[in-house]
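Enquirer: Sharing protein18.txt here; it has compact mmCIF, C-alpha atoms (C1' of nucleotides) and all ligand atoms.
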# COMPACT_ATOMS: atom_id res chain seq x y z
CA MET A 117 3.21 0.82 2.38
CA ARG A 118 0.60 3.55 2.78
CA LEU A 119 -2.81 3.47 4.34
CA SER A 120 -5.57 4.61 1.99
CA THR A 121 -7.44 7.82 2.79
CA LYS A 122 -10.42 5.61 3.53
CA GLY A 123 -8.66 4.19 6.55
CA GLN A 124 -7.51 7.57 7.78
CA TYR A 125 -10.92 9.12 7.32
CA ALA A 126 -12.54 6.22 9.15
CA VAL A 127 -10.39 6.72 12.22
CA ARG A 128 -11.02 10.46 12.25
CA ALA A 129 -14.74 10.01 11.82
CA MET A 130 -14.88 7.48 14.62
CA LEU A 131 -13.03 9.89 16.86
CA VAL A 132 -15.71 12.49 16.30
CA LEU A 133 -18.26 9.99 17.54
CA ALA A 134 -16.04 8.94 20.42
CA MET A 135 -15.65 12.46 21.71
CA ARG A 136 -19.44 12.93 21.91
CA GLU A 137 -20.23 9.48 23.20
CA ALA A 138 -23.55 8.79 24.99
CA GLU A 139 -25.25 11.83 23.49
CA ALA A 140 -27.71 11.90 20.59
CA PRO A 141 -26.56 10.38 17.31
CA ILE A 142 -24.43 12.59 15.11
CA ALA A 143 -25.41 13.20 11.51
CA LEU A 144 -22.94 12.24 8.86
CA ARG A 145 -23.22 15.72 7.46
CA GLN A 146 -21.81 17.15 10.67
CA ILE A 147 -18.86 14.79 10.66
CA SER A 148 -18.27 15.71 7.05
CA GLU A 149 -18.10 19.39 7.91
CA LEU A 150 -16.07 18.99 11.08
CA GLU A 151 -13.43 16.84 9.46
CA ASP A 152 -13.67 18.28 5.99
CA ILE A 153 -14.34 14.97 4.30
CA SER A 154 -16.75 14.49 1.38
CA ALA A 155 -20.14 13.47 2.79
CA GLN A 156 -20.78 11.00 0.02
CA TYR A 157 -17.46 9.34 0.46
CA LEU A 158 -18.08 9.16 4.21
CA GLU A 159 -21.33 7.35 3.49
CA GLN A 160 -19.41 4.58 1.81
CA ILE A 161 -17.07 4.37 4.74
CA PHE A 162 -19.92 4.09 7.20
CA VAL A 163 -21.33 1.19 5.23
CA ASP A 164 -18.22 -0.74 6.19
CA LEU A 165 -18.22 0.49 9.77
CA ARG A 166 -21.82 -0.54 10.20
CA LYS A 167 -21.27 -3.96 8.67
CA ALA A 168 -18.42 -4.46 11.14
CA LYS A 169 -20.81 -3.51 13.96
CA LEU A 170 -18.67 -0.60 15.07
CA VAL A 171 -21.41 2.00 14.62
CA GLU A 172 -25.20 2.05 14.64
CA GLY A 173 -27.20 4.18 12.25
CA VAL A 174 -30.34 5.96 13.40
CA ARG A 175 -32.61 6.74 10.48
CA GLY A 176 -34.94 9.63 9.92
CA ALA A 177 -34.81 13.28 10.81
CA SER A 178 -32.45 14.07 13.69
CA GLY A 179 -30.90 10.68 13.16
CA GLY A 180 -27.22 9.96 12.69
CA TYR A 181 -24.60 7.55 13.89
CA ARG A 182 -23.31 6.53 17.26
CA LEU A 183 -20.69 4.06 18.44
CA ALA A 184 -22.00 0.53 18.82
CA ARG A 185 -19.92 0.03 21.96
CA PRO A 186 -17.89 2.17 24.34
CA ALA A 187 -14.85 3.97 22.99
CA GLU A 188 -12.64 1.97 25.34
CA GLN A 189 -13.62 -1.16 23.47
CA ILE A 190 -12.92 0.01 19.94
CA THR A 191 -9.35 -0.06 18.70
CA ALA A 192 -7.71 1.51 15.69
CA GLY A 193 -7.18 -2.03 14.46
CA ASP A 194 -10.92 -2.71 14.55
CA ILE A 195 -11.57 0.33 12.43
CA LEU A 196 -8.84 -0.28 9.89
CA ARG A 197 -9.76 -3.91 9.47
CA ALA A 198 -13.37 -2.88 8.88
CA VAL A 199 -12.56 -0.54 6.01
CA GLU A 200 -9.29 -1.88 4.65
CA GLY A 201 -9.37 -5.59 5.28
CA PRO A 202 -6.86 -7.65 7.25
CA ILE A 203 -3.73 -5.99 8.55
CA ALA A 204 -0.86 -7.74 6.79
CA PRO A 205 2.08 -6.46 4.78
CA VAL A 206 1.78 -9.28 2.25
CA GLU A 207 -1.06 -11.66 1.40
CA CYS A 208 0.96 -14.68 2.43
CA VAL A 209 0.65 -13.85 6.10
CA LEU A 210 -3.03 -13.01 6.43
CA HIS A 211 -4.05 -13.98 9.91
CA GLY A 212 -6.67 -16.70 9.99
CA ASP A 213 -6.00 -18.65 6.84
CA GLU A 214 -2.54 -19.65 7.96
CA GLU A 215 -0.47 -21.26 5.22
CA ALA A 216 -2.37 -19.53 2.43
CA CYS A 217 0.81 -19.46 0.40
CA GLY A 218 2.19 -22.49 -1.43
CA ARG A 219 5.76 -21.30 -1.07
CA ALA A 220 5.42 -21.00 2.69
CA HIS A 221 7.62 -24.00 3.50
CA ILE A 222 10.54 -22.73 1.44
CA CYS A 223 10.02 -19.00 1.81
CA ILE A 224 12.85 -17.33 3.64
CA THR A 225 11.14 -13.95 3.93
CA ARG A 226 7.96 -15.23 5.51
CA GLU A 227 9.17 -14.77 9.06
CA LEU A 228 10.03 -11.14 8.37
CA TRP A 229 6.52 -10.39 7.12
CA LYS A 230 5.02 -12.13 10.12
CA ARG A 231 7.09 -10.01 12.45
CA LEU A 232 6.13 -6.89 10.62
CA ARG A 233 2.47 -7.83 10.71
CA ASP A 234 2.62 -8.55 14.42
CA SER A 235 4.36 -5.32 15.28
CA MET A 236 1.75 -3.37 13.34
CA SER A 237 -1.09 -5.23 15.01
CA ALA A 238 0.49 -4.68 18.38
CA VAL A 239 0.23 -0.93 18.00
CA LEU A 240 -3.16 -0.82 16.33
CA ASP A 241 -4.86 -3.32 18.60
CA THR A 242 -3.72 -1.66 21.81
CA THR A 243 -4.80 1.83 20.90
CA THR A 244 -8.46 2.54 21.59
CA LEU A 245 -10.60 5.46 20.56
CA ALA A 246 -10.72 6.41 24.22
CA ASP A 247 -6.92 6.53 24.37
CA MET A 248 -6.76 8.85 21.41
CA ALA A 249 -9.64 11.03 22.50
CA ALA A 250 -8.01 11.50 25.90
CA GLY A 251 -4.66 12.37 24.34
CA ARG A 252 -3.25 9.45 26.25
CA LEU A 253 -0.93 8.44 23.44
CA PHE A 254 1.50 11.20 24.23
CA THR A 255 2.35 9.86 27.66
CA GLY A 256 2.55 6.24 26.72
CA GLU A 257 -0.39 4.96 28.74
CA THR A 258 -2.27 2.93 26.19
CA ARG A 259 -4.54 0.10 27.09
CA GLU A 260 -2.93 -3.12 28.21
CA VAL A 261 -3.73 -6.34 26.40
CA MET B 154 -1.79 -1.69 3.98
CA ARG B 155 0.00 -4.04 1.62
CA LEU B 156 3.51 -4.01 0.32
CA SER B 157 3.73 -4.01 -3.48
CA THR B 158 5.22 -7.02 -5.23
CA LYS B 159 8.12 -4.78 -6.10
CA GLY B 160 9.11 -4.60 -2.46
CA GLN B 161 8.72 -8.31 -1.93
CA TYR B 162 10.67 -9.16 -5.07
CA ALA B 163 13.43 -6.78 -4.07
CA VAL B 164 13.96 -8.50 -0.74
CA ARG B 165 13.95 -11.95 -2.32
CA ALA B 166 16.37 -10.87 -5.03
CA MET B 167 18.71 -9.33 -2.50
CA LEU B 168 18.64 -12.55 -0.51
CA VAL B 169 19.85 -14.46 -3.53
CA LEU B 170 22.83 -12.14 -3.68
CA ALA B 171 23.37 -12.35 0.06
CA MET B 172 23.56 -16.11 0.06
CA ARG B 173 26.34 -16.10 -2.57
CA GLU B 174 28.22 -13.15 -1.20
CA ALA B 175 31.91 -12.59 -2.10
CA GLU B 176 31.73 -14.76 -5.19
CA ALA B 177 31.46 -13.62 -8.78
CA PRO B 178 28.57 -11.32 -9.67
CA ILE B 179 25.25 -13.02 -10.34
CA ALA B 180 23.38 -12.35 -13.56
CA LEU B 181 19.93 -10.95 -13.30
CA ARG B 182 18.73 -13.75 -15.53
CA GLN B 183 19.76 -16.28 -12.88
CA ILE B 184 17.93 -14.46 -10.13
CA SER B 185 14.92 -14.29 -12.36
CA GLU B 186 14.94 -18.04 -12.84
CA LEU B 187 15.74 -18.91 -9.26
CA GLU B 188 13.00 -16.76 -7.80
CA ASP B 189 10.57 -17.01 -10.72
CA ILE B 190 10.30 -13.27 -11.24
CA SER B 191 10.07 -11.59 -14.65
CA ALA B 192 13.59 -10.62 -15.75
CA GLN B 193 12.43 -7.34 -17.23
CA TYR B 194 10.58 -6.39 -14.10
CA LEU B 195 13.63 -7.27 -12.05
CA GLU B 196 15.68 -4.93 -14.19
CA GLN B 197 13.48 -2.06 -13.09
CA ILE B 198 13.87 -3.07 -9.49
CA PHE B 199 17.64 -3.20 -9.77
CA VAL B 200 17.65 0.33 -11.12
CA ASP B 201 16.31 1.44 -7.75
CA LEU B 202 18.62 -0.81 -5.79
CA ARG B 203 21.63 0.48 -7.64
CA LYS B 204 20.60 4.10 -7.21
CA ALA B 205 20.34 3.45 -3.49
CA LYS B 206 23.86 1.99 -3.57
CA LEU B 207 22.75 -1.37 -2.27
CA VAL B 208 24.07 -3.30 -5.25
CA GLU B 209 26.78 -2.85 -7.85
CA GLY B 210 26.30 -3.84 -11.45
CA VAL B 211 29.13 -5.45 -13.39
CA ARG B 212 28.67 -4.97 -17.09
CA GLY B 213 29.63 -7.16 -20.00
CA ALA B 214 29.71 -10.90 -20.49
CA SER B 215 29.85 -12.89 -17.24
CA GLY B 216 28.79 -9.73 -15.45
CA GLY B 217 25.92 -9.41 -13.03
CA TYR B 218 25.15 -7.88 -9.68
CA ARG B 219 26.69 -8.12 -6.25
CA LEU B 220 25.95 -6.53 -2.91
CA ALA B 221 27.56 -3.14 -2.46
CA ARG B 222 28.30 -3.91 1.18
CA PRO B 223 28.22 -6.95 3.48
CA ALA B 224 24.88 -8.63 4.10
CA GLU B 225 25.19 -7.77 7.79
CA GLN B 226 24.99 -4.10 6.87
CA ILE B 227 21.90 -4.22 4.67
CA THR B 228 18.52 -4.23 6.34
CA ALA B 229 15.07 -5.01 5.00
CA GLY B 230 14.29 -1.36 5.66
CA ASP B 231 17.12 -0.25 3.38
CA ILE B 232 15.74 -2.38 0.57
CA LEU B 233 12.12 -1.37 0.97
CA ARG B 234 12.94 2.30 1.19
CA ALA B 235 14.99 1.97 -1.98
CA VAL B 236 12.14 0.55 -4.04
CA GLU B 237 9.02 1.79 -2.26
CA GLY B 238 10.00 5.11 -0.76
CA PRO B 239 9.83 6.10 2.89
CA ILE B 240 8.28 3.74 5.39
CA ALA B 241 5.24 5.55 6.74
CA PRO B 242 1.60 4.57 7.03
CA VAL B 243 0.44 8.07 6.04
CA GLU B 244 2.18 10.92 4.26
CA CYS B 245 1.86 13.20 7.25
CA VAL B 246 4.50 11.33 9.21
CA LEU B 247 7.23 10.90 6.63
CA HIS B 248 10.49 10.87 8.50
CA GLY B 249 12.76 13.76 7.62
CA ASP B 250 10.38 16.49 6.60
CA GLU B 251 8.81 16.64 10.03
CA GLU B 252 5.66 18.74 10.16
CA ALA B 253 4.88 18.20 6.50
CA CYS B 254 1.18 18.35 7.29
CA GLY B 255 -0.65 21.59 7.98
CA ARG B 256 -3.10 19.92 10.31
CA ALA B 257 -0.30 18.52 12.44
CA HIS B 258 -0.89 20.81 15.42
CA ILE B 259 -4.57 19.89 15.72
CA CYS B 260 -4.44 16.34 14.43
CA ILE B 261 -5.43 13.84 17.04
CA THR B 262 -4.46 10.79 15.03
CA ARG B 263 -0.94 11.89 14.27
CA GLU B 264 0.57 10.21 17.28
CA LEU B 265 -0.99 6.91 16.30
CA TRP B 266 0.55 7.02 12.85
CA LYS B 267 3.91 7.92 14.32
CA ARG B 268 3.78 4.96 16.62
CA LEU B 269 2.78 2.71 13.80
CA ARG B 270 5.58 4.02 11.63
CA ASP B 271 8.13 3.52 14.39
CA SER B 272 7.06 -0.01 15.15
CA MET B 273 7.32 -0.92 11.48
CA SER B 274 10.74 0.69 11.19
CA ALA B 275 11.87 -1.06 14.33
CA VAL B 276 11.31 -4.45 12.73
CA LEU B 277 12.56 -3.59 9.27
CA ASP B 278 15.67 -1.72 10.37
CA THR B 279 16.86 -4.41 12.73
CA THR B 280 16.55 -7.29 10.30
CA THR B 281 19.56 -7.69 8.03
CA LEU B 282 19.99 -9.85 4.98
CA ALA B 283 22.49 -11.86 6.99
CA ASP B 284 19.86 -12.50 9.67
CA MET B 285 17.41 -13.80 7.12
CA ALA B 286 19.96 -15.82 5.17
CA ALA B 287 21.05 -17.51 8.37
CA GLY B 288 17.50 -18.29 9.40
CA ARG B 289 18.20 -16.31 12.53
CA LEU B 290 14.72 -14.80 12.61
CA PHE B 291 13.18 -17.96 13.96
CA THR B 292 15.13 -17.82 17.19
CA GLY B 293 14.79 -14.16 17.83
CA GLU B 294 18.44 -13.19 17.57
CA THR B 295 18.31 -10.24 15.22
CA ARG B 296 20.87 -7.51 15.13
CA GLU B 297 20.87 -5.09 17.96
CA VAL B 298 20.59 -1.37 17.26
C1' DC C 34 38.81 -8.22 -33.59
C1' DA C 35 34.17 -10.11 -33.57
C1' DT C 36 30.70 -11.86 -30.98
C1' DA C 37 27.90 -12.82 -27.40
C1' DA C 38 26.47 -11.88 -22.88
C1' DT C 39 25.31 -8.92 -19.88
C1' DC C 40 23.88 -4.33 -17.77
C1' DC C 41 21.45 -0.14 -18.62
C1' DT C 42 17.72 3.22 -20.27
C1' DG C 43 13.30 4.86 -21.46
C1' DA C 44 8.92 4.34 -23.06
C1' DG C 45 4.40 1.95 -23.35
C1' DT C 46 0.27 -0.62 -21.58
C1' DG C 47 -3.68 -3.29 -19.71
C1' DA C 48 -5.66 -4.24 -15.28
C1' DT C 49 -6.72 -2.86 -10.82
C1' DT C 50 -7.34 0.27 -7.10
C1' DT C 51 -8.37 4.70 -5.28
C1' DG C 52 -11.07 8.41 -4.25
C1' DC C 53 -14.41 10.03 -5.13
C1' DT C 54 -19.58 11.62 -7.45
C1' DC C 55 -24.48 10.86 -8.83
C1' DA C 56 -29.18 9.38 -8.36
C1' DG C 57 -32.63 7.91 -5.74
C1' DA C 58 -35.17 4.77 -2.40
C1' DA C 59 -36.32 3.89 2.68
C1' DT C 60 -37.31 5.59 7.17
C1' DA C 61 -38.79 8.38 10.78
C1' DA C 62 -39.02 12.88 13.43
C1' DA C 63 -41.32 17.36 13.36
C1' DT D 230 -47.06 15.74 4.94
C1' DT D 231 -42.86 17.64 4.76
C1' DT D 232 -38.17 17.34 5.73
C1' DA D 233 -34.02 15.37 7.50
C1' DT D 234 -31.62 11.79 7.59
C1' DT D 235 -29.73 6.88 6.61
C1' DC D 236 -29.20 3.51 3.13
C1' DT D 237 -28.22 1.34 -1.62
C1' DG D 238 -26.07 0.81 -5.95
C1' DA D 239 -24.00 2.45 -9.85
C1' DG D 240 -20.54 5.11 -12.36
C1' DC D 241 -16.07 7.30 -13.31
C1' DA D 242 -11.56 9.82 -13.85
C1' DA D 243 -7.01 9.55 -12.20
C1' DA D 244 -3.42 7.13 -10.24
C1' DT D 245 -0.82 3.06 -9.34
C1' DC D 246 0.69 -1.61 -10.28
C1' DA D 247 2.86 -5.11 -12.57
C1' DC D 248 4.55 -5.74 -15.91
C1' DT D 249 6.32 -5.73 -21.46
C1' DC D 250 8.92 -3.89 -25.47
C1' DA D 251 12.78 -2.05 -27.94
C1' DG D 252 17.23 -1.03 -28.20
C1' DG D 253 21.76 1.11 -26.73
C1' DA D 254 26.27 0.62 -23.86
C1' DT D 255 29.86 -2.18 -22.09
C1' DT D 256 33.01 -5.89 -21.63
C1' DA D 257 34.62 -10.86 -21.18
C1' DT D 258 35.63 -14.49 -24.25
C1' DG D 259 36.74 -17.17 -28.53
S1 LIG E 301 6.04 -16.08 -0.84
FE1 LIG E 301 4.29 -16.69 0.40
S2 LIG E 301 5.19 -17.11 2.31
FE2 LIG E 301 6.79 -16.13 1.21
S1 LIG E 302 -3.79 14.92 9.06
FE1 LIG E 302 -1.61 15.34 8.85
S2 LIG E 302 -0.87 15.02 10.85
FE2 LIG E 302 -2.90 14.26 10.93
Write out the structure in this file as structure tokens.
Ligand code: FES
Ligand code: FES
Expert:
Amino acid sequence: MRLSTKGQYAVRAMLVLAMREAEAPIALRQISELEDISAQYLEQIFVDLRKAKLVEGVRGASGGYRLARPAEQITAGDILRAVEGPIAPVECVLHGDEEACGRAHICITRELWKRLRDSMSAVLDTTTLADMAAGRLFTGETREV
Amino acid sequence: MRLSTKGQYAVRAMLVLAMREAEAPIALRQISELEDISAQYLEQIFVDLRKAKLVEGVRGASGGYRLARPAEQITAGDILRAVEGPIAPVECVLHGDEEACGRAHICITRELWKRLRDSMSAVLDTTTLADMAAGRLFTGETREV
DNA sequence: CATAATCCTGAGTGATTTGCTCAGAATAAA
DNA sequence: TTTATTCTGAGCAAATCACTCAGGATTATG
């Protein structure tokens, strides 16, 4: 029941961008040094983030990455889904393709997994980069949904 | 962010025991057939469940396993912790050894992972085998803590 | 008592995932 | 034109997963 390092790194990298929002793009190399994450591994992560339209890459010298939208509009859930796939404790309860599992009608544990999934999503989808950057998590004032 | 099959199997196996509580012990072979799970894999799982004192094994012919305490007193969290280790999205926020991570004092994401961990625990620790066996999850009446 | 049914123990194993590295092309500022 | 960067795709060692295999220990039952 652990997140991969990829997911953790992605959130940390996005926070670096969030804290310097609206300035010039930030080179991946800088993020790598600031957060002490392998630059080449970060590159892979940014492939996913870019595909999910969470960041924009600016090529060429003095290029880098910037958030594709304001930090208030990017949640931890967005980031984790981009790099780790759907948030669900078991495959049976992937959101979207409801009833993916053949045993669904007889499965007595299904409701538990749904609850677990929803409680995880509830946290991740209501916590934005802006919330974290502002340290707002400590006082309980996360974004309302 | 997926549970292993081991965790899922463990919950299903425990539910078989819960639904026949107070009767004679149930052989692992029966559980295997009922739930369509490899008997030899189940044996491994029951090693963990027994170590965690969630089940008792009865040896010899017509032996088997039974719950070590009433189904009302065994939660999904108990079972998952027994077979999958602590419930935590990242190692940094393992309950018990608080401050396991050196970066804890500067880590801006830590609070997020704690919240995530707590919301997962909240669901898993308030859902008992009895709740699931009774289909009580569908109406929202789980055990209070 | 002998036998069969069960739990119990420990090792082994192929497939998949994780957590990276390596090499180099494409693009654009300086 | 040089240099700094993103972008692309492959490769790989180590760990984890989802089991299997082999056999010993224990006890009800015939
Ligand atoms: S096994 Fe798929 S819904 Fe439970
Ligand atoms: S990196 Fe360990 S607490 Fe955040």
Enquirer: Quick one: which residues from chain A are at most 6 Å off chain C, using all atoms listed in the file, as a PyMOL selection string?
Expert: chain A and resi 175-177
Enquirer: If I wrap all listed atoms of ligand LIG 302 (chain E) in a box with edges along x, y and z and add 8 Å on each side, what are its centre and edge lengths in Å to one decimal, as AutoDock Vina command-line options?
Expert:
--center_x -2.3 --center_y 14.8 --center_z 9.9 --size_x 18.9 --size_y 17.1 --size_z 18.1
Enquirer: I need the chain D residues near chain A as a list in words; criterion: at most 7 Å, counting all atoms listed in the file.
Expert: DA233, DT234 and DT235 of chain D
Enquirer: Point out the residue among A:Cys208, A:Ala246, A:Met135, A:Ile195 with the least atom-to-atom distance to ligand LIG 301 (chain E), counting only C-alpha atoms and all ligand atoms.
Expert: A:Cys208
Enquirer: Please check which residues have atoms at most 10 Å from (-11.4, 5.4, 7.1) in the file's coordinates, counting only C-alpha atoms (C1' of nucleotides), and write them as a ChimeraX atom specification.
Expert: /A:119-130,157-158,160-162,164-165,195-200
Enquirer: Just give me the gap between atom CA of Ile147 of chain A and atom CA of Arg182 of chain A in Å, one decimal is fine.
Expert: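 Atom CA of Ile147 of chain A sits 11.5 Å away from atom CA of Arg182 of chain A.
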Enquirer: Could you fit chain B onto chain A by least squares over every C-alpha atom, paired in order, and give me the moved chain as a compact mmCIF listing (two decimals) with C-alpha atoms, keeping the file's coordinate frame?
Expert:
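What landed in result02.txt:
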# COMPACT_ATOMS: atom_id res chain seq x y z
CA MET B 154 3.23 0.86 2.38
CA ARG B 155 0.64 3.58 2.79
CA LEU B 156 -2.77 3.51 4.34
CA SER B 157 -5.54 4.67 2.00
CA THR B 158 -7.41 7.86 2.81
CA LYS B 159 -10.37 5.65 3.54
CA GLY B 160 -8.60 4.23 6.55
CA GLN B 161 -7.47 7.61 7.78
CA TYR B 162 -10.91 9.14 7.32
CA ALA B 163 -12.51 6.24 9.15
CA VAL B 164 -10.37 6.75 12.23
CA ARG B 165 -11.00 10.50 12.25
CA ALA B 166 -14.73 10.02 11.80
CA MET B 167 -14.87 7.48 14.60
CA LEU B 168 -13.03 9.90 16.85
CA VAL B 169 -15.72 12.49 16.29
CA LEU B 170 -18.25 9.98 17.53
CA ALA B 171 -16.04 8.94 20.42
CA MET B 172 -15.68 12.46 21.71
CA ARG B 173 -19.48 12.92 21.90
CA GLU B 174 -20.27 9.47 23.18
CA ALA B 175 -23.59 8.76 24.95
CA GLU B 176 -25.30 11.79 23.47
CA ALA B 177 -27.73 11.87 20.58
CA PRO B 178 -26.58 10.34 17.29
CA ILE B 179 -24.44 12.57 15.09
CA ALA B 180 -25.41 13.18 11.49
CA LEU B 181 -22.95 12.21 8.85
CA ARG B 182 -23.26 15.70 7.43
CA GLN B 183 -21.84 17.12 10.66
CA ILE B 184 -18.88 14.79 10.64
CA SER B 185 -18.29 15.70 7.05
CA GLU B 186 -18.14 19.38 7.91
CA LEU B 187 -16.14 18.98 11.08
CA GLU B 188 -13.46 16.85 9.49
CA ASP B 189 -13.70 18.30 5.97
CA ILE B 190 -14.35 14.97 4.29
CA SER B 191 -16.75 14.48 1.38
CA ALA B 192 -20.15 13.47 2.78
CA GLN B 193 -20.77 10.98 -0.01
CA TYR B 194 -17.42 9.35 0.48
CA LEU B 195 -18.07 9.15 4.20
CA GLU B 196 -21.32 7.36 3.48
CA GLN B 197 -19.36 4.59 1.80
CA ILE B 198 -17.04 4.37 4.74
CA PHE B 199 -19.90 4.10 7.20
CA VAL B 200 -21.30 1.20 5.23
CA ASP B 201 -18.17 -0.73 6.17
CA LEU B 202 -18.18 0.49 9.74
CA ARG B 203 -21.77 -0.53 10.20
CA LYS B 204 -21.22 -3.94 8.66
CA ALA B 205 -18.39 -4.45 11.12
CA LYS B 206 -20.77 -3.50 13.94
CA LEU B 207 -18.64 -0.60 15.07
CA VAL B 208 -21.38 1.98 14.62
CA GLU B 209 -25.16 2.02 14.64
CA GLY B 210 -27.16 4.14 12.25
CA VAL B 211 -30.31 5.90 13.42
CA ARG B 212 -32.58 6.65 10.53
CA GLY B 213 -34.98 9.50 9.96
CA ALA B 214 -34.89 13.17 10.85
CA SER B 215 -32.49 14.01 13.69
CA GLY B 216 -30.92 10.61 13.16
CA GLY B 217 -27.25 9.92 12.67
CA TYR B 218 -24.59 7.54 13.87
CA ARG B 219 -23.30 6.50 17.26
CA LEU B 220 -20.69 4.06 18.45
CA ALA B 221 -21.97 0.52 18.80
CA ARG B 222 -19.90 0.02 21.94
CA PRO B 223 -17.86 2.18 24.33
CA ALA B 224 -14.83 3.99 22.96
CA GLU B 225 -12.63 1.99 25.33
CA GLN B 226 -13.60 -1.15 23.45
CA ILE B 227 -12.89 0.04 19.92
CA THR B 228 -9.32 -0.05 18.69
CA ALA B 229 -7.68 1.54 15.68
CA GLY B 230 -7.15 -2.01 14.45
CA ASP B 231 -10.88 -2.70 14.56
CA ILE B 232 -11.55 0.36 12.42
CA LEU B 233 -8.82 -0.26 9.88
CA ARG B 234 -9.73 -3.89 9.45
CA ALA B 235 -13.33 -2.85 8.89
CA VAL B 236 -12.53 -0.52 6.01
CA GLU B 237 -9.24 -1.84 4.65
CA GLY B 238 -9.34 -5.56 5.28
CA PRO B 239 -6.84 -7.61 7.25
CA ILE B 240 -3.71 -5.97 8.56
CA ALA B 241 -0.85 -7.71 6.79
CA PRO B 242 2.08 -6.41 4.78
CA VAL B 243 1.77 -9.26 2.25
CA GLU B 244 -1.07 -11.61 1.40
CA CYS B 245 0.92 -14.64 2.44
CA VAL B 246 0.62 -13.83 6.12
CA LEU B 247 -3.04 -12.96 6.44
CA HIS B 248 -4.08 -13.93 9.92
CA GLY B 249 -6.69 -16.66 10.01
CA ASP B 250 -6.05 -18.62 6.86
CA GLU B 251 -2.59 -19.63 7.98
CA GLU B 252 -0.53 -21.25 5.25
CA ALA B 253 -2.41 -19.50 2.48
CA CYS B 254 0.75 -19.42 0.40
CA GLY B 255 2.11 -22.46 -1.41
CA ARG B 256 5.68 -21.30 -1.05
CA ALA B 257 5.33 -21.00 2.71
CA HIS B 258 7.50 -24.01 3.55
CA ILE B 259 10.45 -22.77 1.50
CA CYS B 260 9.94 -19.04 1.84
CA ILE B 261 12.77 -17.37 3.65
CA THR B 262 11.09 -14.00 3.94
CA ARG B 263 7.91 -15.24 5.52
CA GLU B 264 9.12 -14.78 9.05
CA LEU B 265 10.00 -11.17 8.36
CA TRP B 266 6.51 -10.40 7.12
CA LYS B 267 5.00 -12.13 10.12
CA ARG B 268 7.07 -10.04 12.45
CA LEU B 269 6.14 -6.92 10.61
CA ARG B 270 2.47 -7.83 10.71
CA ASP B 271 2.62 -8.54 14.43
CA SER B 272 4.36 -5.32 15.28
CA MET B 273 1.78 -3.35 13.33
CA SER B 274 -1.08 -5.21 15.00
CA ALA B 275 0.50 -4.68 18.38
CA VAL B 276 0.25 -0.92 17.99
CA LEU B 277 -3.14 -0.81 16.32
CA ASP B 278 -4.85 -3.31 18.60
CA THR B 279 -3.72 -1.66 21.80
CA THR B 280 -4.79 1.85 20.88
CA THR B 281 -8.45 2.55 21.59
CA LEU B 282 -10.57 5.48 20.55
CA ALA B 283 -10.71 6.44 24.21
CA ASP B 284 -6.91 6.54 24.36
CA MET B 285 -6.74 8.86 21.40
CA ALA B 286 -9.64 11.05 22.50
CA ALA B 287 -7.99 11.51 25.87
CA GLY B 288 -4.65 12.37 24.34
CA ARG B 289 -3.26 9.45 26.27
CA LEU B 290 -0.91 8.44 23.46
CA PHE B 291 1.53 11.19 24.26
CA THR B 292 2.34 9.81 27.68
CA GLY B 293 2.54 6.20 26.73
CA GLU B 294 -0.37 4.91 28.78
CA THR B 295 -2.28 2.88 26.23
CA ARG B 296 -4.53 0.01 27.09
CA GLU B 297 -2.90 -3.15 28.20
CA VAL B 298 -3.67 -6.40 26.40
Enquirer: Using Å and a single decimal, report how far atom CA of Glu139 of chain A sits from atom C1' of DT231 of chain D.
Expert: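 It comes out at 26.4 Å.
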Enquirer: Counting all atoms listed in the file, name the residues that have an atom within 6 Å of an atom of ligand LIG 302 (chain E); the answer should be given as a PyMOL selection string.
Expert: chain B and resi 245+254+256-257+260+262-263
Enquirer: Could you turn the residues from that selection into a file that holds C-alpha atoms, as a PDB file, in the frame of the given file?
Expert:
ATOM      1  CA  CYS B 245       1.860  13.200   7.250  1.00  0.00           C
ATOM      2  CA  CYS B 254       1.180  18.350   7.290  1.00  0.00           C
ATOM      3  CA  ARG B 256      -3.100  19.920  10.310  1.00  0.00           C
ATOM      4  CA  ALA B 257      -0.300  18.520  12.440  1.00  0.00           C
ATOM      5  CA  CYS B 260      -4.440  16.340  14.430  1.00  0.00           C
ATOM      6  CA  THR B 262      -4.460  10.790  15.030  1.00  0.00           C
ATOM      7  CA  ARG B 263      -0.940  11.890  14.270  1.00  0.00           C
TER       8      ARG B 263
END
Enquirer: Mind giving me the straight-line distance from atom CA of Leu168 of chain B to atom CA of Pro239 of chain B in Å, one decimal?
Expert: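 Those two atoms sit 20.9 Å apart.
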Enquirer: For chain A, report every residue with an atom at most 8 Å from chain B (counting all atoms listed in the file), formatted as a list in words.
Expert: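 Residues of chain A within 8 Å of chain B, counting all atoms listed in the file: Met117, Arg118, Leu119, Ser120, Val127, Arg128, Glu200, Ile203, Ala204, Pro205, Val206, Glu207, Ile224, Thr225, Glu227, Leu228, Arg231, Leu232, Ser235, Met236, Val239, Leu240, Thr243, Met248, Ala249, Gly251, Leu253 and Phe254 of chain A.
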Enquirer: Could you check which of A:Asp241, A:Thr255, A:Glu260, A:Val209 is closest to ligand LIG 301 (chain E), using all atoms listed in the file?
Expert: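 Of A:Asp241, A:Thr255, A:Glu260, A:Val209, the one nearest ligand LIG 301 (chain E) is A:Val209, counting all atoms listed in the file.
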Enquirer: Give the answer as one residue: which of B:Leu170, B:Ile190, B:Ala177, B:Val208 has the shortest atom-to-atom distance to ligand LIG 301 (chain E), using all atoms listed in the file?
Expert: B:Ile190
Enquirer: Given all atoms listed in the file as the basis, pick out the residue of B:Thr279, B:Glu294, B:Glu188, B:Ile227 nearest to ligand LIG 301 (chain E).
Expert: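 Ranked by minimum distance to ligand LIG 301 (chain E), first place goes to B:Glu188.
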